[in-house]
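Taking it in order: structure first as structure tokens, then the write-up.
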Amino acid sequence: MTVLYVTQPEAVLSKNYEAFHVALKQEDGSWKKQSIAAQTVEQVVLMGNPQVTGDALVYALELGMPVHYLSNYGKYLGSALPGYSRNGQLRLAQYQLYNDPEPRLELVKAIVAAKIHNQYNVLYRHNERDNPLKERKNQVKNQKTIDQVRGIEGLAAREYFACWSRMVGTQWVFNRRNRRPPTDPVNSLLSFAYGLLRVQVTAAVHVAGLDPYIGYLHEVHHGQPSMVLDLMEEFRALIADNIVLSVLRNREIQPQDFTESLGAYQLKDKSIKTFLQAFERKMNDEFKHPVFEYRCTYRRAVELQARLLARHLQEKIPYKPLALR
């Protein structure tokens, strides 16, 4: 099964019998049409402002296929999702933990500790070993409130990204993490990678039957998918950050692959394809899952973690966020 990416602004996604048709406008004004069997597609990702016909959207939802929308900068905008899970008992358990301070705090500690663990390993593999992240991870377990844990997470994030200027190389400028909009190419790639990761996590949360808007680390605000953002944390360094560092290190993406407008950077159309290919390679990489002890892809791991979290909520089995060596 594959992810169908449509990234050309003037593209048109339509349906014909049991296939999706993608029409791409060529430089000479003609249209190139491609047909993709719907049974081979798992998700659809629309980037920029391509058109999708009503028939294509309805057909995707009928097949249980989510359709996700990203901005030109790769920012996640929203999704059209198939009908929600009818697992009311899971939702009740999710809401109950939100209002139960002690077990909620322990879950938040586990999530943040795993995030810092994975960040430390990224630095370690890039010879940035003189950093305080191990100490930050150890500090997490002694915090008494969720706000205190968030404070440690914030410190660790600043210290983590402070090392990036050396890791990305001299041809790239990276002073700090920023977004909305990203003001340098590296931040542009990070935002794009996080947007793509959010697509995967949103789909996994939906499949597991969790309420995407009730989380534990992130505050519950109007329109903020707190559960999705919570589950993303353990995967940010493992997937998104590693992809960005990989394409920069291997020179798959170069400084000339970006455009700048009013201080905001975004990838050119041809380079978007290169980055999407790198993302797909990473999602299809296999590793031994530390809980199940069998090999799985990162794409499968995202869904497994959502299901493990659902099991934790319903059966009180301790949740182990994904933390790899």
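Following the order of the structure tokens, chains are lettered A, B, ..., residues in each are numbered from 1, and ligands are numbered from 1.
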So that I can see what lies close to Ala323 in chain A, please list as a list of chain:residue names the residues with an atom at most 8 Å from it, counting only C-alpha atoms and leaving out residues fewer than 4 positions away in the same chain.
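Returned residues: A:Ala114, A:Lys115, A:His117, A:Asn118, A:Glu234.
Taking only C-alpha atoms, the non-local environment of range 303-305 of chain A within 8 Å (same-chain residues fewer than 6 positions away omitted) comprises Val201, Ala204, Val205, Val207, Ala208, Leu231, Pro321 and Leu322 of chain A.
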Please, could you write that set of residues out with N, CA and C atoms as an mmCIF file, in the first residue's frame?
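The result, written out as selection-v5.cif:
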```cif
data_model
loop_
_atom_site.group_PDB
_atom_site.id
_atom_site.type_symbol
_atom_site.label_atom_id
_atom_site.label_comp_id
_atom_site.auth_asym_id
_atom_site.auth_seq_id
_atom_site.Cartn_x
_atom_site.Cartn_y
_atom_site.Cartn_z
ATOM 1 N N VAL A 201 0.425 10.298 12.011
ATOM 2 C CA VAL A 201 -0.077 10.133 13.378
ATOM 3 C C VAL A 201 -1.579 10.367 13.431
ATOM 4 N N ALA A 204 -3.219 7.241 12.351
ATOM 5 C CA ALA A 204 -3.085 6.180 13.350
ATOM 6 C C ALA A 204 -4.022 6.392 14.535
ATOM 7 N N VAL A 205 -4.127 7.628 14.997
ATOM 8 C CA VAL A 205 -5.042 7.947 16.102
ATOM 9 C C VAL A 205 -6.474 7.623 15.699
ATOM 10 N N VAL A 207 -7.450 5.387 13.384
ATOM 11 C CA VAL A 207 -7.604 3.938 13.272
ATOM 12 C C VAL A 207 -7.748 3.294 14.653
ATOM 13 N N ALA A 208 -6.988 3.790 15.628
ATOM 14 C CA ALA A 208 -7.041 3.220 16.978
ATOM 15 C C ALA A 208 -8.323 3.567 17.718
ATOM 16 N N LEU A 231 1.250 12.066 20.651
ATOM 17 C CA LEU A 231 1.831 10.865 20.052
ATOM 18 C C LEU A 231 2.957 11.201 19.081
ATOM 19 N N PRO A 321 6.443 4.501 25.353
ATOM 20 C CA PRO A 321 6.697 5.213 24.096
ATOM 21 C C PRO A 321 7.890 4.611 23.380
ATOM 22 N N LEU A 322 7.931 4.794 22.067
ATOM 23 C CA LEU A 322 8.997 4.208 21.274
ATOM 24 C C LEU A 322 10.297 4.981 21.487
#
```
Restricting the calculation to only C-alpha atoms: of A:Phe235, A:Phe292, A:Trp172, A:Tyr69, which residue gets closest to Tyr5 in chain A?
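Among the listed residues, the smallest separation from Tyr5 in chain A belongs to A:Tyr69.
Residues lying within 10 Å of Val12 in chain A, counting only C-alpha atoms and ignoring same-chain neighbours fewer than 6 positions away, are Val6, His21, Val22, Ala23, Leu24, Lys25, Trp31, Lys33, Asn49, Pro50, Gln51, Val52 and Thr53 of chain A.
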Keeping only C-alpha atoms, write the selected residues to a file as a short mmCIF file (atom, residue, chain, number, x, y, z; two decimals), in the first residue's frame.
```cif
data_model
loop_
_atom_site.label_atom_id
_atom_site.label_comp_id
_atom_site.auth_asym_id
_atom_site.auth_seq_id
_atom_site.Cartn_x
_atom_site.Cartn_y
_atom_site.Cartn_z
CA VAL A 6 -0.42 15.37 -5.18
CA HIS A 21 -6.87 9.89 -12.01
CA VAL A 22 -4.28 12.65 -11.51
CA ALA A 23 -4.09 15.33 -14.19
CA LEU A 24 -0.87 17.39 -14.13
CA LYS A 25 -0.51 20.58 -16.14
CA TRP A 31 -2.25 17.90 -19.38
CA LYS A 33 -2.87 12.11 -16.91
CA ASN A 49 -4.00 23.86 -3.61
CA PRO A 50 -4.69 20.98 -6.02
CA GLN A 51 -8.29 20.28 -6.91
CA VAL A 52 -10.10 17.11 -5.83
CA THR A 53 -13.47 16.19 -7.26
#
```
Show which residues sit within 12 Å of Tyr59 in chain A, as a VMD selection string. Count only C-alpha atoms, and ignore same-chain residues fewer than 2 positions away.
chain A and resid 13 to 20 38 to 39 41 44 52 to 57 61 to 67 80 to 82
Of the listed residues A:Leu210, A:Arg299, A:Leu155, A:Asp184, that which approaches Gln314 in chain A most closely, counting only C-alpha atoms:
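Among the listed residues, the smallest separation from Gln314 in chain A belongs to A:Leu210.
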For range 161-163 of chain A, find every residue with an atom within 7 Å (counting only C-alpha atoms), except residues of its own chain fewer than 2 positions away, and show them as a PyMOL selection string.
chain A and resi 128+157-159+165-167+176-177
